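Below: final.txt (compact mmCIF, N, CA and C atoms and all ligand atoms)
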```
# COMPACT_ATOMS: atom_id res chain seq x y z
N THR A 1 -74.03 -38.01 129.69
CA THR A 1 -74.74 -36.72 129.65
C THR A 1 -73.74 -35.55 129.57
N ALA A 2 -74.27 -34.41 129.16
CA ALA A 2 -73.42 -33.22 129.05
C ALA A 2 -72.87 -32.80 130.40
N GLU A 3 -73.68 -33.01 131.44
CA GLU A 3 -73.25 -32.68 132.81
C GLU A 3 -72.00 -33.49 133.20
N VAL A 4 -72.05 -34.78 132.94
CA VAL A 4 -70.90 -35.64 133.25
C VAL A 4 -69.69 -35.23 132.40
N MET A 5 -69.96 -34.95 131.11
CA MET A 5 -68.88 -34.56 130.21
C MET A 5 -68.21 -33.27 130.67
N SER A 6 -68.96 -32.39 131.32
CA SER A 6 -68.36 -31.15 131.82
C SER A 6 -67.33 -31.47 132.92
N HIS A 7 -67.61 -32.47 133.73
CA HIS A 7 -66.65 -32.89 134.76
C HIS A 7 -65.40 -33.50 134.14
N VAL A 8 -65.62 -34.41 133.18
CA VAL A 8 -64.49 -35.08 132.52
C VAL A 8 -63.60 -34.03 131.85
N THR A 9 -64.23 -33.08 131.16
CA THR A 9 -63.48 -32.04 130.46
C THR A 9 -62.69 -31.16 131.43
N ALA A 10 -63.35 -30.79 132.55
CA ALA A 10 -62.68 -29.93 133.54
C ALA A 10 -61.45 -30.62 134.11
N HIS A 11 -61.56 -31.91 134.39
CA HIS A 11 -60.43 -32.65 134.95
C HIS A 11 -59.35 -32.91 133.90
N PHE A 12 -59.76 -33.43 132.74
CA PHE A 12 -58.84 -33.75 131.66
C PHE A 12 -58.06 -32.51 131.22
N GLY A 13 -58.73 -31.37 131.19
CA GLY A 13 -58.13 -30.12 130.75
C GLY A 13 -56.99 -29.63 131.61
N LYS A 14 -56.94 -30.13 132.84
CA LYS A 14 -55.86 -29.71 133.73
C LYS A 14 -54.49 -30.12 133.22
N ALA A 15 -54.46 -31.18 132.42
CA ALA A 15 -53.19 -31.69 131.90
C ALA A 15 -52.65 -30.85 130.75
N LEU A 16 -53.45 -29.91 130.26
CA LEU A 16 -53.02 -29.14 129.07
C LEU A 16 -51.72 -28.38 129.31
N ASP A 17 -51.62 -27.71 130.45
CA ASP A 17 -50.42 -26.91 130.71
C ASP A 17 -49.15 -27.75 130.67
N GLU A 18 -49.24 -28.96 131.23
CA GLU A 18 -48.09 -29.87 131.24
C GLU A 18 -47.70 -30.32 129.84
N CYS A 19 -48.61 -30.19 128.90
CA CYS A 19 -48.38 -30.71 127.55
C CYS A 19 -48.14 -29.64 126.50
N ARG A 20 -48.18 -28.38 126.90
CA ARG A 20 -48.02 -27.30 125.92
C ARG A 20 -46.67 -27.35 125.21
N GLU A 21 -45.62 -27.47 126.02
CA GLU A 21 -44.27 -27.46 125.43
C GLU A 21 -44.06 -28.57 124.41
N GLU A 22 -44.27 -29.79 124.86
CA GLU A 22 -43.97 -30.92 123.97
C GLU A 22 -44.91 -31.00 122.78
N SER A 23 -46.12 -30.43 122.88
CA SER A 23 -47.06 -30.50 121.77
C SER A 23 -46.92 -29.31 120.83
N GLY A 24 -46.40 -28.19 121.36
CA GLY A 24 -46.29 -26.99 120.56
C GLY A 24 -47.61 -26.28 120.35
N LEU A 25 -48.61 -26.61 121.17
CA LEU A 25 -49.92 -25.97 121.05
C LEU A 25 -49.89 -24.59 121.71
N SER A 26 -50.07 -23.56 120.92
CA SER A 26 -49.98 -22.19 121.44
C SER A 26 -51.29 -21.76 122.10
N THR A 27 -51.19 -20.76 122.97
CA THR A 27 -52.39 -20.23 123.62
C THR A 27 -53.25 -19.47 122.61
N GLU A 28 -52.65 -19.06 121.48
CA GLU A 28 -53.42 -18.39 120.44
C GLU A 28 -54.42 -19.37 119.82
N VAL A 29 -53.98 -20.60 119.63
CA VAL A 29 -54.87 -21.61 119.05
C VAL A 29 -55.91 -22.04 120.08
N LEU A 30 -55.46 -22.38 121.28
CA LEU A 30 -56.39 -22.83 122.33
C LEU A 30 -55.89 -22.32 123.67
N GLU A 31 -56.62 -21.34 124.21
CA GLU A 31 -56.17 -20.71 125.45
C GLU A 31 -56.47 -21.59 126.66
N GLU A 32 -57.69 -22.08 126.75
CA GLU A 32 -58.08 -22.97 127.84
C GLU A 32 -58.81 -24.16 127.23
N PHE A 33 -58.63 -25.32 127.86
CA PHE A 33 -59.17 -26.53 127.25
C PHE A 33 -60.68 -26.51 127.10
N LYS A 34 -61.37 -25.81 127.99
CA LYS A 34 -62.84 -25.76 127.90
C LYS A 34 -63.33 -25.26 126.54
N HIS A 35 -62.51 -24.43 125.87
CA HIS A 35 -62.93 -23.90 124.57
C HIS A 35 -62.98 -24.95 123.47
N PHE A 36 -62.42 -26.13 123.78
CA PHE A 36 -62.53 -27.24 122.82
C PHE A 36 -63.98 -27.41 122.39
N TRP A 37 -64.90 -27.22 123.34
CA TRP A 37 -66.32 -27.46 123.07
C TRP A 37 -67.04 -26.24 122.48
N SER A 38 -66.34 -25.13 122.35
CA SER A 38 -66.96 -23.92 121.84
C SER A 38 -67.42 -24.08 120.39
N GLU A 39 -68.57 -23.53 120.09
CA GLU A 39 -69.15 -23.53 118.75
C GLU A 39 -68.15 -23.03 117.72
N ASP A 40 -67.41 -21.98 118.05
CA ASP A 40 -66.51 -21.39 117.06
C ASP A 40 -65.04 -21.81 117.21
N PHE A 41 -64.79 -22.87 117.94
CA PHE A 41 -63.43 -23.43 117.95
C PHE A 41 -63.37 -24.61 116.98
N GLU A 42 -62.47 -24.50 116.01
CA GLU A 42 -62.33 -25.56 115.03
C GLU A 42 -61.23 -26.52 115.44
N VAL A 43 -61.58 -27.78 115.50
CA VAL A 43 -60.64 -28.83 115.89
C VAL A 43 -59.88 -29.27 114.65
N VAL A 44 -58.80 -28.53 114.34
CA VAL A 44 -58.07 -28.76 113.09
C VAL A 44 -56.55 -28.77 113.22
N HIS A 45 -56.02 -28.24 114.31
CA HIS A 45 -54.58 -28.10 114.40
C HIS A 45 -53.88 -29.39 114.81
N ARG A 46 -52.84 -29.71 114.05
CA ARG A 46 -52.05 -30.90 114.36
C ARG A 46 -51.52 -30.87 115.79
N GLU A 47 -51.12 -29.67 116.25
CA GLU A 47 -50.57 -29.52 117.61
C GLU A 47 -51.60 -29.91 118.67
N LEU A 48 -52.87 -29.69 118.39
CA LEU A 48 -53.91 -30.10 119.33
C LEU A 48 -53.95 -31.63 119.43
N GLY A 49 -53.78 -32.28 118.29
CA GLY A 49 -53.72 -33.75 118.30
C GLY A 49 -52.56 -34.23 119.16
N CYS A 50 -51.40 -33.60 118.99
CA CYS A 50 -50.23 -33.96 119.81
C CYS A 50 -50.53 -33.72 121.28
N ALA A 51 -51.19 -32.61 121.60
CA ALA A 51 -51.50 -32.28 122.99
C ALA A 51 -52.48 -33.29 123.59
N LEU A 52 -53.47 -33.71 122.81
CA LEU A 52 -54.46 -34.69 123.30
C LEU A 52 -53.77 -36.02 123.61
N ILE A 53 -52.81 -36.41 122.77
CA ILE A 53 -52.06 -37.66 123.02
C ILE A 53 -51.28 -37.52 124.33
N CYS A 54 -50.57 -36.40 124.48
CA CYS A 54 -49.79 -36.14 125.68
C CYS A 54 -50.68 -36.14 126.93
N MET A 55 -51.80 -35.45 126.87
CA MET A 55 -52.72 -35.36 128.02
C MET A 55 -53.29 -36.73 128.36
N SER A 56 -53.69 -37.47 127.33
CA SER A 56 -54.26 -38.80 127.55
C SER A 56 -53.24 -39.75 128.14
N ASN A 57 -52.00 -39.62 127.69
CA ASN A 57 -50.93 -40.48 128.21
C ASN A 57 -50.70 -40.25 129.70
N LYS A 58 -50.84 -39.01 130.15
CA LYS A 58 -50.65 -38.72 131.58
C LYS A 58 -51.67 -39.47 132.43
N LEU A 59 -52.81 -39.82 131.80
CA LEU A 59 -53.88 -40.52 132.51
C LEU A 59 -53.99 -41.99 132.07
N SER A 60 -52.99 -42.45 131.30
CA SER A 60 -52.96 -43.84 130.82
C SER A 60 -54.22 -44.24 130.05
N LEU A 61 -54.72 -43.31 129.23
CA LEU A 61 -55.97 -43.57 128.51
C LEU A 61 -55.75 -44.16 127.12
N LEU A 62 -54.48 -44.28 126.69
CA LEU A 62 -54.20 -44.77 125.34
C LEU A 62 -53.29 -45.99 125.35
N HIS A 63 -53.40 -46.77 124.28
CA HIS A 63 -52.43 -47.84 124.03
C HIS A 63 -51.20 -47.20 123.39
N ASP A 64 -50.15 -48.01 123.20
CA ASP A 64 -48.92 -47.50 122.59
C ASP A 64 -49.15 -46.97 121.18
N ASP A 65 -50.16 -47.51 120.48
CA ASP A 65 -50.44 -47.04 119.12
C ASP A 65 -51.35 -45.80 119.12
N THR A 66 -51.56 -45.21 120.29
CA THR A 66 -52.38 -44.02 120.57
C THR A 66 -53.89 -44.26 120.42
N ARG A 67 -54.30 -45.52 120.18
CA ARG A 67 -55.74 -45.79 120.18
C ARG A 67 -56.22 -45.86 121.63
N VAL A 68 -57.50 -45.52 121.81
CA VAL A 68 -58.04 -45.44 123.17
C VAL A 68 -57.95 -46.79 123.90
N HIS A 69 -57.53 -46.73 125.14
CA HIS A 69 -57.50 -47.91 126.02
C HIS A 69 -58.88 -48.03 126.65
N GLN A 70 -59.69 -48.96 126.13
CA GLN A 70 -61.11 -49.01 126.51
C GLN A 70 -61.32 -49.17 128.00
N VAL A 71 -60.58 -50.09 128.62
CA VAL A 71 -60.77 -50.36 130.05
C VAL A 71 -60.41 -49.13 130.88
N ASN A 72 -59.25 -48.55 130.59
CA ASN A 72 -58.81 -47.38 131.37
C ASN A 72 -59.72 -46.17 131.15
N MET A 73 -60.18 -45.99 129.91
CA MET A 73 -61.09 -44.87 129.61
C MET A 73 -62.41 -45.06 130.35
N HIS A 74 -62.90 -46.28 130.33
CA HIS A 74 -64.10 -46.64 131.06
C HIS A 74 -63.97 -46.28 132.54
N ASP A 75 -62.90 -46.75 133.15
CA ASP A 75 -62.66 -46.53 134.58
C ASP A 75 -62.51 -45.04 134.88
N TYR A 76 -61.82 -44.34 133.98
CA TYR A 76 -61.61 -42.90 134.18
C TYR A 76 -62.94 -42.15 134.18
N VAL A 77 -63.75 -42.39 133.17
CA VAL A 77 -65.03 -41.67 133.08
C VAL A 77 -65.96 -42.07 134.23
N LYS A 78 -65.91 -43.35 134.59
CA LYS A 78 -66.75 -43.83 135.70
C LYS A 78 -66.38 -43.21 137.04
N SER A 79 -65.17 -42.67 137.13
CA SER A 79 -64.71 -42.09 138.40
C SER A 79 -65.37 -40.73 138.69
N PHE A 80 -66.09 -40.19 137.72
CA PHE A 80 -66.77 -38.90 137.93
C PHE A 80 -68.22 -39.13 138.36
N PRO A 81 -68.84 -38.13 139.02
CA PRO A 81 -70.22 -38.31 139.46
C PRO A 81 -71.14 -38.70 138.29
N ASN A 82 -71.85 -39.80 138.44
CA ASN A 82 -72.73 -40.33 137.39
C ASN A 82 -71.97 -40.82 136.16
N GLY A 83 -70.66 -41.01 136.29
CA GLY A 83 -69.83 -41.38 135.15
C GLY A 83 -70.27 -42.62 134.41
N GLU A 84 -70.88 -43.56 135.14
CA GLU A 84 -71.29 -44.82 134.50
C GLU A 84 -72.33 -44.60 133.41
N VAL A 85 -73.04 -43.48 133.44
CA VAL A 85 -74.04 -43.23 132.39
C VAL A 85 -73.39 -42.71 131.10
N LEU A 86 -72.13 -42.28 131.18
CA LEU A 86 -71.45 -41.72 130.01
C LEU A 86 -70.36 -42.63 129.44
N SER A 87 -69.75 -43.44 130.30
CA SER A 87 -68.52 -44.15 129.91
C SER A 87 -68.69 -45.02 128.66
N GLU A 88 -69.78 -45.78 128.59
CA GLU A 88 -69.94 -46.66 127.44
C GLU A 88 -70.13 -45.88 126.15
N MET A 89 -70.98 -44.86 126.21
CA MET A 89 -71.25 -44.02 125.05
C MET A 89 -69.97 -43.35 124.56
N MET A 90 -69.17 -42.88 125.51
CA MET A 90 -67.95 -42.16 125.15
C MET A 90 -66.95 -43.08 124.46
N VAL A 91 -66.74 -44.25 125.01
CA VAL A 91 -65.83 -45.22 124.38
C VAL A 91 -66.35 -45.60 123.00
N LYS A 92 -67.66 -45.79 122.90
CA LYS A 92 -68.27 -46.19 121.63
C LYS A 92 -68.04 -45.12 120.56
N LEU A 93 -68.27 -43.87 120.92
CA LEU A 93 -68.09 -42.76 119.96
C LEU A 93 -66.63 -42.64 119.52
N ILE A 94 -65.71 -42.72 120.47
CA ILE A 94 -64.29 -42.58 120.12
C ILE A 94 -63.84 -43.73 119.22
N LYS A 95 -64.23 -44.96 119.58
CA LYS A 95 -63.86 -46.13 118.75
C LYS A 95 -64.38 -45.97 117.33
N ASN A 96 -65.62 -45.52 117.23
CA ASN A 96 -66.25 -45.33 115.92
C ASN A 96 -65.48 -44.30 115.09
N CYS A 97 -65.02 -43.24 115.74
CA CYS A 97 -64.24 -42.21 115.05
C CYS A 97 -62.85 -42.73 114.69
N GLU A 98 -62.26 -43.50 115.57
CA GLU A 98 -60.93 -44.07 115.29
C GLU A 98 -60.98 -44.91 114.02
N ARG A 99 -62.05 -45.67 113.86
CA ARG A 99 -62.20 -46.55 112.69
C ARG A 99 -62.21 -45.74 111.40
N GLN A 100 -62.82 -44.56 111.46
CA GLN A 100 -62.95 -43.75 110.25
C GLN A 100 -61.63 -43.14 109.78
N TYR A 101 -60.69 -43.00 110.69
CA TYR A 101 -59.42 -42.34 110.34
C TYR A 101 -58.21 -43.24 110.51
N ASP A 102 -58.46 -44.53 110.52
CA ASP A 102 -57.42 -45.51 110.79
C ASP A 102 -56.27 -45.47 109.78
N ASP A 103 -56.54 -44.92 108.59
CA ASP A 103 -55.53 -44.91 107.53
C ASP A 103 -54.53 -43.76 107.66
N ILE A 104 -54.78 -42.81 108.54
CA ILE A 104 -53.85 -41.69 108.72
C ILE A 104 -52.69 -42.15 109.58
N LYS A 105 -51.49 -42.08 109.03
CA LYS A 105 -50.33 -42.66 109.70
C LYS A 105 -49.79 -41.77 110.83
N ASP A 106 -49.81 -40.46 110.62
CA ASP A 106 -49.26 -39.55 111.63
C ASP A 106 -50.18 -39.51 112.85
N ASP A 107 -49.63 -39.83 114.02
CA ASP A 107 -50.44 -39.95 115.23
C ASP A 107 -51.16 -38.64 115.59
N CYS A 108 -50.47 -37.51 115.49
CA CYS A 108 -51.08 -36.22 115.85
C CYS A 108 -52.17 -35.83 114.85
N ASP A 109 -51.89 -36.01 113.57
CA ASP A 109 -52.89 -35.71 112.53
C ASP A 109 -54.13 -36.57 112.71
N ARG A 110 -53.91 -37.86 112.96
CA ARG A 110 -55.04 -38.78 113.13
C ARG A 110 -55.85 -38.42 114.37
N THR A 111 -55.16 -38.12 115.45
CA THR A 111 -55.85 -37.85 116.71
C THR A 111 -56.69 -36.59 116.64
N VAL A 112 -56.22 -35.57 115.93
CA VAL A 112 -57.04 -34.35 115.83
C VAL A 112 -58.28 -34.62 114.98
N LYS A 113 -58.16 -35.49 113.99
CA LYS A 113 -59.34 -35.87 113.20
C LYS A 113 -60.33 -36.66 114.05
N VAL A 114 -59.80 -37.57 114.85
CA VAL A 114 -60.65 -38.36 115.74
C VAL A 114 -61.37 -37.44 116.73
N ALA A 115 -60.63 -36.46 117.25
CA ALA A 115 -61.20 -35.53 118.23
C ALA A 115 -62.30 -34.67 117.61
N ALA A 116 -62.09 -34.21 116.37
CA ALA A 116 -63.11 -33.41 115.68
C ALA A 116 -64.37 -34.24 115.44
N CYS A 117 -64.16 -35.49 115.05
CA CYS A 117 -65.26 -36.43 114.82
C CYS A 117 -66.01 -36.67 116.13
N PHE A 118 -65.25 -36.85 117.21
CA PHE A 118 -65.86 -37.08 118.53
C PHE A 118 -66.67 -35.86 118.98
N LYS A 119 -66.14 -34.67 118.76
CA LYS A 119 -66.87 -33.45 119.13
C LYS A 119 -68.20 -33.36 118.38
N ALA A 120 -68.16 -33.60 117.09
CA ALA A 120 -69.37 -33.53 116.26
C ALA A 120 -70.39 -34.58 116.69
N ASP A 121 -69.93 -35.80 116.93
CA ASP A 121 -70.85 -36.87 117.32
C ASP A 121 -71.40 -36.66 118.73
N ALA A 122 -70.57 -36.12 119.62
CA ALA A 122 -71.02 -35.84 120.99
C ALA A 122 -72.13 -34.78 120.96
N LYS A 123 -71.99 -33.80 120.08
CA LYS A 123 -73.04 -32.77 119.93
C LYS A 123 -74.33 -33.41 119.44
N LYS A 124 -74.20 -34.27 118.43
CA LYS A 124 -75.39 -34.96 117.88
C LYS A 124 -76.10 -35.77 118.96
N GLU A 125 -75.30 -36.39 119.82
CA GLU A 125 -75.86 -37.25 120.88
C GLU A 125 -76.33 -36.45 122.10
N GLY A 126 -76.06 -35.13 122.07
CA GLY A 126 -76.49 -34.29 123.18
C GLY A 126 -75.67 -34.44 124.44
N ILE A 127 -74.43 -34.91 124.30
CA ILE A 127 -73.57 -35.06 125.48
C ILE A 127 -72.42 -34.06 125.49
N ALA A 128 -72.46 -33.08 124.57
CA ALA A 128 -71.44 -32.03 124.55
C ALA A 128 -71.80 -30.97 125.59
N PRO A 129 -70.86 -30.61 126.46
CA PRO A 129 -71.17 -29.63 127.51
C PRO A 129 -71.12 -28.19 127.00
N GLU A 130 -71.88 -27.32 127.65
CA GLU A 130 -71.75 -25.88 127.42
C GLU A 130 -70.53 -25.40 128.22
N ILE A 131 -69.91 -24.32 127.74
CA ILE A 131 -68.74 -23.78 128.45
C ILE A 131 -69.10 -23.42 129.90
N THR A 132 -70.30 -22.86 130.08
CA THR A 132 -70.72 -22.45 131.43
C THR A 132 -70.81 -23.64 132.38
N MET A 133 -71.16 -24.80 131.84
CA MET A 133 -71.23 -26.01 132.67
C MET A 133 -69.85 -26.43 133.13
N ILE A 134 -68.86 -26.29 132.23
CA ILE A 134 -67.48 -26.65 132.58
C ILE A 134 -66.96 -25.67 133.63
N GLU A 135 -67.25 -24.38 133.41
CA GLU A 135 -66.80 -23.35 134.36
C GLU A 135 -67.37 -23.59 135.75
N ALA A 136 -68.57 -24.12 135.81
CA ALA A 136 -69.23 -24.35 137.09
C ALA A 136 -68.54 -25.42 137.93
N VAL A 137 -67.81 -26.34 137.27
CA VAL A 137 -67.18 -27.44 138.01
C VAL A 137 -65.65 -27.39 138.00
N ILE A 138 -65.09 -26.45 137.25
CA ILE A 138 -63.64 -26.46 137.01
C ILE A 138 -62.84 -26.29 138.31
N GLU A 139 -63.42 -25.58 139.29
CA GLU A 139 -62.68 -25.33 140.54
C GLU A 139 -62.61 -26.55 141.45
N ILE A 140 -63.46 -27.56 141.18
CA ILE A 140 -63.43 -28.77 142.00
C ILE A 140 -62.13 -29.54 141.78
N TYR A 141 -61.60 -29.44 140.56
CA TYR A 141 -60.45 -30.28 140.21
C TYR A 141 -59.12 -29.55 140.27
O1 LIG A 201 -57.26 -42.37 118.80
C1 LIG A 201 -57.30 -41.16 119.44
C2 LIG A 201 -57.80 -41.25 120.81
C3 LIG A 201 -57.80 -39.96 121.47
C4 LIG A 201 -59.09 -39.59 121.94
C5 LIG A 201 -59.21 -38.20 122.33
C6 LIG A 201 -60.51 -37.66 122.02
C7 LIG A 201 -60.88 -36.67 122.97
C8 LIG A 201 -61.34 -35.42 122.52
C9 LIG A 201 -61.20 -34.29 123.35
C10 LIG A 201 -62.25 -34.00 124.32
C11 LIG A 201 -62.11 -34.24 125.55
C12 LIG A 201 -63.01 -34.17 126.59
C13 LIG A 201 -62.90 -34.95 127.63
C14 LIG A 201 -61.82 -35.92 127.87
C15 LIG A 201 -61.79 -37.18 127.19
C16 LIG A 201 -60.66 -38.08 127.46
```

Written as C-alpha cells, that's how I'd like the structure from this file.
Ligand code: BOM
Amino acid sequence: TAEVMSHVTAHFGKALDECREESGLSTEVLEEFKHFWSEDFEVVHRELGCALICMSNKLSLLHDDTRVHQVNMHDYVKSFPNGEVLSEMMVKLIKNCERQYDDIKDDCDRTVKVAACFKADAKKEGIAPEITMIEAVIEIY
C-alpha cells in the first residue's frame, strides 16, 4: 500500500546524504528523496541511478550485479508496519522492470530506467505515496 511505501521511502531516503558525493547527484536535481515520488520529478538522471545503487548497497538490497536481492528486499520491506502486504508486490514490480532493461550495460543508466519504470508501475498499482504521507512519517526514522 501507499502508506507502507511512505515508510519505506522515508527510511530508504535517509541514505541519500551518504551517497551524494560518490554518486554526483546534486541537490538541484533532487533536493530530498521524498521528491522522487513527485508528479513533476522526472526519473532520468544517470546520477540518480548511481545514488540508488549506493543507497541500496548500504542496506544490502542488491546483488553484485546490482539486481535486486529478493530475500533481503523482502525482509527489509517486511520490517516496516504492515510491510508484509507490500513486500511481494514491490519485489515483483522491480523484477519486472529489471527484465525490461536487462540489455543496458551501464549499471547507473540501467538502474535509473528501472527506477522510472518502478515509479510508473507503482502509481498504476496505487502503491505510490503522496509527499504528505512521507512527511508524516519521516521523523520516525
Ligand atoms: O536493478 C535495479 C534495482 C534497484 C531498484 C531500485 C528501485 C527503487 C526506486 C526508488 C524508490 C524507492 C522507494 C523506496 C525504497 C525501495 C528500496

Legend entry - Nearest candidate to Leu52 in chain A (options A:Thr27, A:Cys108, A:Trp37, A:Cys97; using all atoms listed in the file): A:Cys108

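The coordinates place atom C of Ile140 in chain A at 19.9 Å from atom C of Cys54 in chain A.
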
Could you list, with a cut-off of 5 Å and counting all atoms listed in the file, the residues of chain A near ligand LIG 201 (chain A), each shown with its nearest atom pair and the distance in Å rounded to one decimal, rows sorted by chain and ascending number, as a Markdown table?
```
| residue | atom | partner | partner_atom | distance |
| --- | --- | --- | --- | --- |
| A:Val8 | C | A:LIG201 | C13 | 4.4 |
| A:Thr9 | CA | A:LIG201 | C13 | 4.1 |
| A:Thr66 | C | A:LIG201 | O1 | 4.2 |
| A:Arg67 | CA | A:LIG201 | O1 | 4.0 |
| A:Val68 | N | A:LIG201 | O1 | 4.4 |
| A:Thr111 | CA | A:LIG201 | C1 | 4.5 |
| A:Ala115 | CA | A:LIG201 | C8 | 4.3 |
```

Inset, instruction - Provide the atom N of Glu130 in chain A to CA of Ser87 in chain A distance in Å, to one decimal place. - result: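 Pair atom N of Glu130 in chain A / CA of Ser87 in chain A returns 17.3 Å.
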
Legend entry - Expected answer as an MDAnalysis selection string: helix (DSSP H, G or I) residues in chain A: chainID A and resid 2:23 33:37 46:58 70:78 84:100 107:124 131:140

Legend entry - Sel. within 8 Å of pt (-70.8, -39.0, 133.5), counting only N, CA and C atoms, output as a list in words: Thr1, Ala2, Glu3, Val4, Met5, Ser6, His7, Val8, Val77, Lys78, Ser79, Phe80, Pro81, Asn82, Gly83, Glu84, Val85, Leu86 and Ser87 of chain A

Legend entry - atom C of Glu18 in chain A to atom C of Ile53 in chain A, distance in Å rounded to a single decimal: 9.7 Å

Legend entry - Nearest residue to Val112 in chain A from the set A:Met55, A:Val137, A:Val71, A:Val44 (distances using only C-alpha atoms):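 The answer is A:Val44, which sits nearest to Val112 in chain A.
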
Inset, instruction - Point out the residue among A:Cys117, A:Lys123, A:Glu135, A:Asp17 with the least atom-to-atom distance to Val43 in chain A, counting all atoms listed in the file. - result: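 Closest candidate: A:Cys117.
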
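Of the listed residues (A:Lys105, A:Lys113, A:His45, A:Lys14), A:His45 comes nearest to Val29 in chain A; the distances count only C-alpha atoms.
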
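With only N, CA and C atoms as the atoms that count, the residue of A:Leu59, A:Lys124, A:Ile138, A:Cys50 with the shortest distance to Arg110 in chain A is A:Cys50.
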
Legend entry - Residue among A:Lys34, A:Asp103, A:Asp121, A:Ala15 lying closest to Ile134 in chain A, counting all atoms listed in the file: A:Lys34

If you count all atoms listed in the file, which residues fall within 6.5 Å of range 88-93 of chain A, apart from same-chain ones fewer than 5 positions away, as a CSV table (one decimal) with N, CA and C atoms, in the coordinates of the input?
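After the write, out_21.csv holds the following:
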```csv
chain,number,residue,atom,x,y,z
A,70,GLN,N,-59.7,-49.0,126.1
A,70,GLN,CA,-61.1,-49.0,126.5
A,70,GLN,C,-61.3,-49.2,128.0
A,74,HIS,N,-62.9,-46.3,130.3
A,74,HIS,CA,-64.1,-46.6,131.1
A,74,HIS,C,-64.0,-46.3,132.5
A,98,GLU,N,-62.3,-43.5,115.6
A,98,GLU,CA,-60.9,-44.1,115.3
A,98,GLU,C,-61.0,-44.9,114.0
A,118,PHE,N,-65.2,-36.8,117.2
A,118,PHE,CA,-65.9,-37.1,118.5
A,118,PHE,C,-66.7,-35.9,119.0
```
